[in-house]
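Okay, query.txt now, which holds compact mmCIF, C-alpha atoms:
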# COMPACT_ATOMS: atom_id res chain seq x y z
CA MET T 2 0.00 0.00 0.00
CA GLN T 3 3.06 2.24 0.04
CA ASN T 4 2.46 3.98 -3.27
CA LEU T 5 -1.27 4.07 -2.51
CA HIS T 6 -0.81 6.53 0.36
CA ASN T 7 2.15 8.24 -1.33
CA THR T 8 0.67 9.11 -4.68
CA LEU T 9 -3.07 9.08 -4.00
CA ILE T 10 -3.39 10.86 -0.67
CA THR T 11 -0.36 13.02 0.08
CA ASP T 12 0.77 14.50 -3.22
CA THR T 13 -1.37 17.53 -3.94
CA LYS T 14 1.29 18.78 -6.36
CA CYS T 15 1.15 15.88 -8.79
CA ASN T 16 -2.47 15.06 -9.56
CA THR T 17 -2.27 15.88 -13.28
CA LYS T 18 -2.18 12.45 -14.90
CA GLY T 19 -0.53 11.45 -18.15
CA PHE T 20 -2.31 9.80 -21.05
CA LEU T 21 -1.32 6.26 -19.97
CA TYR T 22 -3.88 6.45 -17.18
CA GLU T 23 -6.61 6.47 -19.82
CA PHE T 24 -5.96 2.76 -20.42
CA ILE T 25 -6.85 1.75 -16.85
CA LYS T 26 -9.96 3.95 -16.68
CA PRO T 27 -12.24 1.15 -17.94
CA TRP T 28 -11.36 -0.52 -14.64
CA LEU T 29 -10.70 2.27 -12.10
CA LYS T 30 -12.97 4.83 -13.79
CA GLU T 31 -12.67 8.22 -12.01
CA GLY T 32 -11.27 7.05 -8.69
CA LEU T 33 -8.58 8.87 -6.74
CA LEU T 34 -5.81 7.42 -8.89
CA THR T 35 -7.25 8.56 -12.22
CA SER T 36 -9.33 11.65 -11.38
CA LYS T 37 -8.02 15.20 -11.33
CA ASP T 38 -8.80 18.81 -10.41
CA SER T 39 -11.94 19.40 -8.32
CA LYS T 40 -13.04 15.76 -8.23
CA TRP T 41 -9.58 14.64 -7.09
CA HIS T 42 -9.54 17.26 -4.32
CA GLN T 43 -13.07 16.38 -3.19
CA ARG T 44 -12.25 12.65 -2.99
CA LYS T 45 -8.91 13.35 -1.31
CA LYS T 46 -10.61 15.45 1.36
CA LEU T 47 -13.19 12.72 1.90
CA LEU T 48 -10.72 9.84 2.20
CA THR T 49 -7.76 11.41 4.02
CA PRO T 50 -9.18 10.66 7.52
CA ALA T 51 -8.97 6.92 6.77
CA PHE T 52 -5.17 7.25 6.67
CA HIS T 53 -4.72 8.99 9.99
CA LEU T 54 -2.02 7.27 12.05
CA ASN T 55 -4.45 6.38 14.85
CA VAL T 56 -6.69 4.54 12.39
CA LEU T 57 -3.71 2.70 10.91
CA THR T 58 -2.65 1.72 14.43
CA ASN T 59 -6.05 0.11 14.98
CA TYR T 60 -5.41 -2.07 11.93
CA LYS T 61 -2.35 -3.65 13.54
CA SER T 62 -4.23 -6.47 15.31
CA ILE T 63 -5.98 -7.43 12.05
CA ILE T 64 -2.71 -7.46 10.15
CA GLU T 65 -1.13 -9.51 12.96
CA GLU T 66 -3.90 -12.11 12.77
CA ASN T 67 -3.50 -12.47 9.02
CA CYS T 68 0.26 -12.53 9.43
CA GLN T 69 0.07 -15.47 11.84
CA LYS T 70 -2.06 -17.37 9.31
CA PHE T 71 0.47 -16.49 6.60
CA VAL T 72 3.42 -17.74 8.67
CA GLU T 73 1.55 -20.89 9.71
CA ASN T 74 0.56 -21.68 6.12
CA LEU T 75 4.20 -21.48 5.06
CA LYS T 76 4.92 -24.42 7.37
CA GLU T 77 3.85 -26.83 4.64
CA LEU T 78 6.78 -25.60 2.52
CA ILE T 79 9.49 -26.44 5.06
CA ASN T 80 12.41 -28.37 3.55
CA GLU T 81 10.89 -28.39 0.06
CA PRO T 82 13.76 -27.92 -2.42
CA LYS T 83 12.05 -24.79 -3.74
CA SER T 84 8.76 -23.04 -3.08
CA ASP T 85 6.72 -20.46 -4.97
CA ILE T 86 5.84 -17.97 -2.23
CA ALA T 87 3.61 -15.66 -4.30
CA PRO T 88 0.24 -17.40 -3.63
CA TYR T 89 0.78 -17.22 0.14
CA ILE T 90 1.84 -13.58 0.00
CA ASN T 91 -1.07 -12.60 -2.24
CA ASP T 92 -3.60 -14.21 0.11
CA PHE T 93 -2.07 -12.41 3.09
CA ALA T 94 -2.07 -9.01 1.37
CA LEU T 95 -5.59 -9.34 -0.06
CA ASN T 96 -7.05 -10.53 3.24
CA SER T 97 -5.33 -7.68 5.07
CA ILE T 98 -6.66 -4.90 2.83
CA CYS T 99 -10.18 -6.39 2.85
CA GLU T 100 -10.31 -6.64 6.64
CA THR T 101 -8.69 -3.28 7.38
CA ALA T 102 -9.74 -0.68 4.81
CA MET T 103 -12.89 -2.54 3.71
CA GLY T 104 -13.99 -4.01 7.05
CA THR T 105 -14.83 -7.32 5.35
CA LYS T 106 -13.41 -10.70 6.32
CA LEU T 107 -13.09 -13.07 3.39
CA ASP T 108 -14.65 -16.50 3.79
CA ASP T 109 -13.71 -19.59 1.76
CA GLU T 110 -16.00 -18.61 -1.12
CA ASP T 111 -14.61 -15.07 -1.14
CA ASN T 112 -11.07 -16.45 -1.17
CA SER T 113 -11.85 -18.35 -4.36
CA PHE T 114 -13.12 -15.06 -5.80
CA GLY T 115 -9.87 -13.52 -4.58
CA LYS T 116 -7.81 -15.86 -6.76
CA ILE T 117 -9.91 -14.84 -9.76
CA TYR T 118 -9.46 -11.20 -8.73
CA LYS T 119 -5.67 -11.52 -8.63
CA LYS T 120 -5.58 -13.15 -12.07
CA ALA T 121 -7.90 -10.46 -13.43
CA ILE T 122 -5.60 -7.65 -12.21
CA TYR T 123 -2.67 -9.23 -14.03
CA GLU T 124 -4.68 -9.62 -17.24
CA LEU T 125 -5.94 -6.03 -17.15
CA GLY T 126 -2.38 -4.77 -16.82
CA GLN T 127 -1.37 -6.78 -19.86
CA TYR T 128 -4.32 -5.47 -21.88
CA ALA T 129 -3.48 -1.87 -20.91
CA VAL T 130 0.16 -2.28 -21.97
CA TYR T 131 -0.89 -3.99 -25.21
CA ARG T 132 -3.18 -1.08 -26.01
CA ALA T 133 -0.63 1.59 -25.03
CA GLN T 134 1.82 0.15 -27.58
CA ARG T 135 -0.69 0.37 -30.46
CA VAL T 136 -1.79 3.89 -31.31
CA TRP T 137 -4.64 2.71 -33.52
CA LEU T 138 -6.29 1.11 -30.46
CA TYR T 139 -6.41 4.36 -28.46
CA PRO T 140 -9.98 5.30 -29.51
CA ASN T 141 -12.49 3.38 -27.38
CA ILE T 142 -14.83 3.03 -30.35
CA ILE T 143 -12.19 0.87 -32.05
CA PHE T 144 -10.70 -0.96 -29.07
CA LYS T 145 -13.98 -2.32 -27.70
CA PHE T 146 -14.60 -4.25 -30.92
CA THR T 147 -11.18 -5.95 -30.93
CA ASP T 148 -10.52 -9.40 -29.46
CA THR T 149 -8.49 -7.81 -26.64
CA GLY T 150 -11.25 -5.31 -25.94
CA ARG T 151 -13.82 -8.10 -25.61
CA LYS T 152 -11.50 -10.07 -23.32
CA GLN T 153 -11.02 -6.98 -21.18
CA GLU T 154 -14.78 -6.59 -20.83
CA CYS T 155 -15.09 -10.16 -19.52
CA VAL T 156 -12.28 -9.62 -17.02
CA LEU T 157 -13.88 -6.39 -15.81
CA LYS T 158 -17.04 -8.33 -14.99
CA ASN T 159 -15.03 -10.68 -12.75
CA LEU T 160 -13.44 -7.73 -10.97
CA SER T 161 -16.79 -6.02 -10.51
CA SER T 162 -18.28 -9.19 -9.05
CA PHE T 163 -15.60 -9.44 -6.36
CA ARG T 164 -15.72 -5.71 -5.60
CA ASP T 165 -19.52 -5.74 -5.28
CA ARG T 166 -19.34 -8.68 -2.84
CA VAL T 167 -16.93 -6.73 -0.64
CA ILE T 168 -19.11 -3.60 -0.70
CA GLU T 169 -22.37 -5.46 -0.08
CA ASN T 170 -20.92 -7.40 2.84
CA ARG T 171 -19.97 -4.16 4.57
CA ARG T 172 -23.13 -2.32 3.48
CA ASN T 173 -25.31 -5.06 5.00
CA TYR T 174 -23.32 -4.84 8.22
CA TYR T 175 -23.47 -1.05 8.15
CA ASN T 176 -27.25 -0.99 7.64
CA ASN T 177 -28.04 -3.70 10.21
CA PRO T 178 -29.32 -1.93 13.35
CA ASN T 179 -28.20 -4.86 15.52
CA ASN T 180 -24.53 -4.21 14.72
CA ASN T 181 -24.44 -0.74 16.33
CA ILE T 182 -22.13 0.54 13.61
CA ILE T 183 -22.73 4.15 14.66
CA ASP T 184 -21.61 3.32 18.20
CA GLU T 185 -18.47 1.75 16.76
CA ILE T 186 -17.78 4.84 14.69
CA ASN T 187 -18.31 7.12 17.69
CA ASP T 188 -16.14 4.97 19.97
CA LYS T 189 -13.35 7.29 21.05
CA GLU T 190 -11.01 4.35 21.64
CA ASN T 191 -11.25 3.19 18.04
CA ASN T 192 -11.73 6.47 16.19
CA VAL T 193 -9.96 9.79 16.52
CA GLU T 194 -11.54 13.16 15.91
CA ILE T 195 -9.33 15.94 14.57
CA SER T 196 -10.72 19.26 13.32
CA GLY T 197 -14.23 17.87 13.81
CA LYS T 198 -13.77 14.92 11.43
CA LYS T 199 -14.09 11.29 12.47
CA LYS T 200 -11.26 8.95 11.50
CA MET T 201 -12.94 5.80 10.16
CA ALA T 202 -12.05 2.79 8.03
CA LEU T 203 -12.11 3.65 4.35
CA LEU T 204 -15.25 1.78 3.27
CA ASP T 205 -17.15 3.02 6.33
CA LEU T 206 -16.20 6.56 5.35
CA LEU T 207 -17.53 5.95 1.85
CA LEU T 208 -20.79 4.43 3.09
CA GLN T 209 -21.32 7.33 5.50
CA ALA T 210 -20.58 9.78 2.67
CA GLU T 211 -23.16 8.00 0.51
CA LYS T 212 -25.69 8.38 3.30
CA ASP T 213 -24.83 12.09 3.50
CA GLY T 214 -25.23 12.51 -0.27
CA VAL T 215 -21.55 13.29 -0.89
CA ILE T 216 -20.87 10.26 -3.09
CA ASP T 217 -23.02 7.74 -4.97
CA ALA T 218 -22.77 3.96 -5.37
CA ASN T 219 -20.69 4.31 -8.54
CA GLY T 220 -18.24 6.55 -6.69
CA ILE T 221 -17.89 3.97 -3.92
CA GLY T 222 -17.13 1.34 -6.55
CA GLU T 223 -14.44 3.56 -8.09
CA GLU T 224 -12.63 4.06 -4.80
CA VAL T 225 -12.94 0.45 -3.66
CA ASP T 226 -11.45 -0.71 -6.98
CA THR T 227 -8.63 1.82 -6.61
CA PHE T 228 -7.75 1.00 -3.01
CA MET T 229 -8.18 -2.77 -3.35
CA PHE T 230 -5.65 -2.68 -6.19
CA GLY T 231 -3.21 -0.25 -4.61
CA GLY T 232 -3.59 -1.71 -1.14
CA HIS T 233 -2.65 -5.29 -1.88
CA ASP T 234 -0.72 -5.55 -5.15
CA THR T 235 2.15 -3.21 -4.30
CA SER T 236 2.58 -4.60 -0.77
CA ALA T 237 2.59 -8.18 -2.06
CA ASN T 238 5.25 -7.28 -4.62
CA THR T 239 7.47 -5.64 -2.02
CA LEU T 240 7.17 -8.56 0.41
CA GLN T 241 8.01 -11.06 -2.33
CA PHE T 242 11.13 -9.23 -3.52
CA THR T 243 12.30 -8.55 0.05
CA MET T 244 12.10 -12.26 0.88
CA MET T 245 14.08 -13.10 -2.25
CA LEU T 246 16.77 -10.54 -1.43
CA LEU T 247 17.09 -11.73 2.17
CA ALA T 248 17.37 -15.34 1.03
CA ASN T 249 20.31 -14.25 -1.11
CA ASN T 250 21.93 -12.17 1.65
CA GLN T 251 22.41 -14.30 4.76
CA TYR T 252 24.37 -11.54 6.53
CA ALA T 253 21.44 -9.11 6.28
CA GLN T 254 18.97 -11.83 7.22
CA GLU T 255 20.85 -12.82 10.38
CA LYS T 256 21.29 -9.16 11.31
CA LEU T 257 17.50 -8.82 11.13
CA VAL T 258 17.05 -11.90 13.30
CA LYS T 259 19.45 -10.37 15.82
CA GLU T 260 17.41 -7.16 15.79
CA CYS T 261 14.25 -9.17 16.47
CA ASN T 262 15.95 -11.10 19.28
CA GLU T 263 17.01 -7.84 20.92
CA ILE T 264 13.39 -6.65 20.82
CA PHE T 265 11.56 -9.86 21.76
CA GLY T 266 14.18 -11.93 23.58
CA SER T 267 12.86 -15.45 24.14
CA SER T 268 9.24 -14.26 24.13
CA LYS T 269 6.84 -15.63 21.50
CA ARG T 270 4.58 -12.58 21.75
CA SER T 271 3.41 -10.61 18.74
CA ALA T 272 4.93 -7.28 17.79
CA ASP T 273 3.23 -4.16 19.10
CA ILE T 274 3.48 -0.63 17.74
CA SER T 275 6.44 0.27 19.95
CA ASP T 276 8.27 -2.86 18.72
CA LEU T 277 7.76 -1.84 15.10
CA ALA T 278 9.31 1.56 15.81
CA GLN T 279 12.49 -0.20 16.99
CA MET T 280 12.90 -2.22 13.77
CA LYS T 281 15.26 0.28 12.17
CA TYR T 282 17.35 -2.18 10.17
CA LEU T 283 14.26 -3.99 8.91
CA GLU T 284 12.88 -0.67 7.68
CA CYS T 285 16.16 -0.01 5.85
CA CYS T 286 15.98 -3.45 4.20
CA ILE T 287 12.39 -2.89 3.07
CA LYS T 288 13.25 0.51 1.61
CA GLU T 289 16.30 -0.91 -0.16
CA SER T 290 14.12 -3.64 -1.65
CA MET T 291 11.71 -0.98 -2.89
CA ARG T 292 14.60 0.98 -4.38
CA LEU T 293 15.85 -2.07 -6.28
CA TYR T 294 12.38 -3.37 -7.20
CA PRO T 295 9.89 -0.47 -7.08
CA PRO T 296 6.34 -1.89 -7.06
CA LEU T 297 5.21 0.87 -9.42
CA PRO T 298 8.26 1.28 -11.67
CA SER T 299 6.85 4.27 -13.53
CA LEU T 300 4.42 7.06 -12.68
CA ASN T 301 2.91 9.04 -15.53
CA ARG T 302 2.32 12.41 -13.84
CA THR T 303 3.05 16.08 -14.31
CA VAL T 304 4.99 17.00 -11.16
CA LYS T 305 5.40 20.72 -10.54
CA GLN T 306 7.48 20.67 -7.38
CA GLU T 307 9.33 18.26 -5.09
CA ILE T 308 7.18 15.99 -2.95
CA THR T 309 7.72 13.87 0.15
CA LEU T 310 6.61 10.24 0.12
CA GLY T 311 5.08 8.42 3.13
CA GLN T 312 4.65 4.70 3.77
CA LYS T 313 2.86 4.28 7.10
CA PHE T 314 0.39 1.50 6.34
CA ALA T 315 2.73 -0.50 4.13
CA MET T 316 5.68 -0.21 6.49
CA MET T 317 3.55 -1.44 9.39
CA GLU T 318 2.19 -4.35 7.34
CA LEU T 319 5.60 -5.36 5.99
CA LYS T 320 7.36 -5.09 9.35
CA VAL T 321 4.76 -7.26 11.06
CA ALA T 322 4.97 -9.90 8.32
CA LEU T 323 8.75 -10.01 7.91
CA SER T 324 9.59 -9.93 11.62
CA ALA T 325 7.19 -12.83 12.31
CA LEU T 326 8.51 -14.73 9.30
CA LEU T 327 12.20 -14.37 10.18
CA ARG T 328 11.66 -15.27 13.83
CA ARG T 329 10.32 -18.64 12.69
CA TYR T 330 11.98 -19.47 9.36
CA ARG T 331 15.35 -19.22 7.70
CA LEU T 332 15.18 -18.16 4.05
CA LEU T 333 17.59 -19.89 1.67
CA PRO T 334 18.26 -18.82 -1.92
CA VAL T 335 16.81 -20.48 -4.99
CA THR T 336 15.90 -17.63 -7.34
CA LYS T 337 18.72 -15.14 -7.64
CA PRO T 338 18.36 -11.48 -8.66
CA ASN T 339 20.05 -12.17 -12.00
CA ASP T 340 17.48 -14.90 -12.76
CA ILE T 341 14.57 -12.48 -12.80
CA ILE T 342 13.04 -11.48 -16.13
CA PHE T 343 10.56 -8.62 -15.97
CA VAL T 344 7.31 -8.28 -17.89
CA MET T 345 6.15 -4.87 -19.05
CA ASP T 346 3.20 -3.71 -16.94
CA PHE T 347 2.00 -0.77 -14.88
CA VAL T 348 3.03 -2.75 -11.79
CA LEU T 349 6.37 -4.57 -11.53
CA ARG T 350 5.75 -8.07 -12.91
CA ILE T 351 8.04 -11.05 -13.46
CA LYS T 352 7.97 -13.77 -16.09
CA GLU T 353 8.70 -16.72 -13.78
CA PRO T 354 7.82 -17.26 -10.10
CA ILE T 355 10.26 -16.31 -7.37
CA TYR T 356 11.38 -19.40 -5.45
CA VAL T 357 12.96 -19.64 -2.01
CA LYS T 358 13.64 -22.51 0.38
CA LEU T 359 12.35 -22.36 3.95
CA GLU T 360 13.90 -23.99 7.00
CA LEU T 361 12.45 -23.94 10.49
CA ARG T 362 14.77 -22.12 12.88
CA SER T 363 15.91 -24.38 15.71
CA GLU T 364 14.76 -21.89 18.32
CA ALA T 365 11.28 -21.46 16.71

What would the structure in this file look like if it were written as structure tokens?
Amino acid sequence: MQNLHNTLITDTKCNTKGFLYEFIKPWLKEGLLTSKDSKWHQRKKLLTPAFHLNVLTNYKSIIEENCQKFVENLKELINEPKSDIAPYINDFALNSICETAMGTKLDDEDNSFGKIYKKAIYELGQYAVYRAQRVWLYPNIIFKFTDTGRKQECVLKNLSSFRDRVIENRRNYYNNPNNNIIDEINDKENNVEISGKKKMALLDLLLQAEKDGVIDANGIGEEVDTFMFGGHDTSANTLQFTMMLLANNQYAQEKLVKECNEIFGSSKRSADISDLAQMKYLECCIKESMRLYPPLPSLNRTVKQEITLGQKFAMMELKVALSALLRRYRLLPVTKPNDIIFVMDFVLRIKEPIYVKLELRSEA
């Protein structure tokens, strides 16, 4: 979610988009990523409270729960000669964004939809790149009648189906008087009020705004599509590349384990917010991984002055996952950096899976 908060929420100086964004508008429509001018500012003002630090802090327990499932699921890969880690990472990242920003816990049926959703995102990226390379396909009136245009339409239906399930699950909860959603929103322990504005989870903010007449159902769909994509795909990419790099750098990996041991000692407890603040070397490793393998390798914007990038949600999510992972497993190299072949896309994609080998640490 790092580039989600960076480029969608914070950067008021770079909201003029380039023409490449036109090719993802069939999917994201006029959400925060693709809108501009007054609509961009209105949506930004509406959604900014969902990224207040106190709200992100409340997400920590949800991320921790999903992280423990992620680490436990990896147990089945122990001592395999090589393991494709992407499916496990993708499930963790998608579950985390659904339960935090969307307030919806995925059940088994939703998880099967999630696999379709992940595949659909990849296909849409490929269709957008294919179209961007062929000037004669730029006009919608032409593209929609091509084979690729028809395939894109089918994929969009799959994405819409998953998105609508997420929204309806939360809408039903929100509208059920027995759930006391208003009491939850007004709970001072779980929501912070600054300048008279409640700090709520993102989808709750959108549903409340719909009730207040600020946004309609289509607008909610636009923002859920935008944040579901930005909130899981970039984090999953960063986690995958960081694991690969650590597997290939045992010195850095053991230094991280030492840092964790200094924080936790022999305790098996989960990391709390103060623990995450002490993980300085882990933060450096994550940032170095993002420098080497940026999840969004190119941004097509008109930038008029220097901006500062923030990473609060992503850094919390990645620190929780990696610290728990390294306390339990040793990562050994299979895929090396020189083995990686990239595929052209809006998000950093690779041709072949990244493989690592996992060993259970003796002290785990």

Task: Atomic separation - CA of Asn173 in chain T relative to CA of Glu223 in chain T, Å - done: 19.1 Å

Taking only residues of range 64-148 of chain T that have an atom at most 12 Å from an atom of range 40-55 of chain T, what is each one's shortest atom pair and its distance in Å to one decimal, using only C-alpha atoms, in chain and number order, as CSV?
residue,atom,partner,partner_atom,distance
T:Thr101,CA,T:Ala51,CA,10.2
T:Ala102,CA,T:Ala51,CA,7.9
T:Met103,CA,T:Ala51,CA,10.7

Keeping C-alpha atoms for every residue in the selection just given, could you write it to a file as a JSON list (two decimals), in the frame of the given file?
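Full text of out-v2.json as output:
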[["chain", "number", "residue", "atom", "x", "y", "z"],
["T", 101, "THR", "CA", -8.69, -3.28, 7.38],
["T", 102, "ALA", "CA", -9.74, -0.68, 4.81],
["T", 103, "MET", "CA", -12.89, -2.54, 3.71]]

Open item on the list: Here is a test: counting all atoms listed in the file, which residue of T:Leu332, T:Ala129, T:Leu57, T:Ala325 is nearest to Arg270 in chain T?
Closed with: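 When distances to Arg270 in chain T are compared using all atoms listed in the file, the smallest one comes from T:Ala325.
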
Task: Protein/DNA/RNA residues near (12.7, -6.8, -6.8), cut 10 Å, all atoms listed in the file, as a list in words - done: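 Result, sorted by chain then residue number: Asn238, Thr239, Leu240, Gln241, Phe242, Thr243, Met244, Met245, Leu246, Glu289, Ser290, Met291, Arg292, Leu293, Tyr294, Pro295, Pro296, Pro338, Ile341, Phe343, Leu349, Arg350, Ile351 and Ile355 of chain T.
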
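Once all atoms listed in the file are considered, the residues situated within 10 Å of the file point (-1.3, 0.1, 16.0) turn out to be T:Leu54, T:Asn55, T:Val56, T:Leu57, T:Thr58, T:Asn59, T:Tyr60, T:Lys61, T:Ser62, T:Ile63, T:Ile64, T:Ala272, T:Asp273, T:Ile274, T:Ser275, T:Leu277, T:Phe314, T:Met317.
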
Task: Residue nearest Ala94 in chain T - candidates T:Ile342, T:Leu138, T:Ala121, T:Leu319, atoms counted: all atoms listed in the file - done: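 Comparing T:Ile342, T:Leu138, T:Ala121, T:Leu319 against Ala94 in chain T, the winner is T:Leu319.
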
Task: Residue nearest Gly150 in chain T among T:Asn339, T:Thr235, T:Gln127, T:Asn170 (counting all atoms listed in the file) - done: T:Gln127
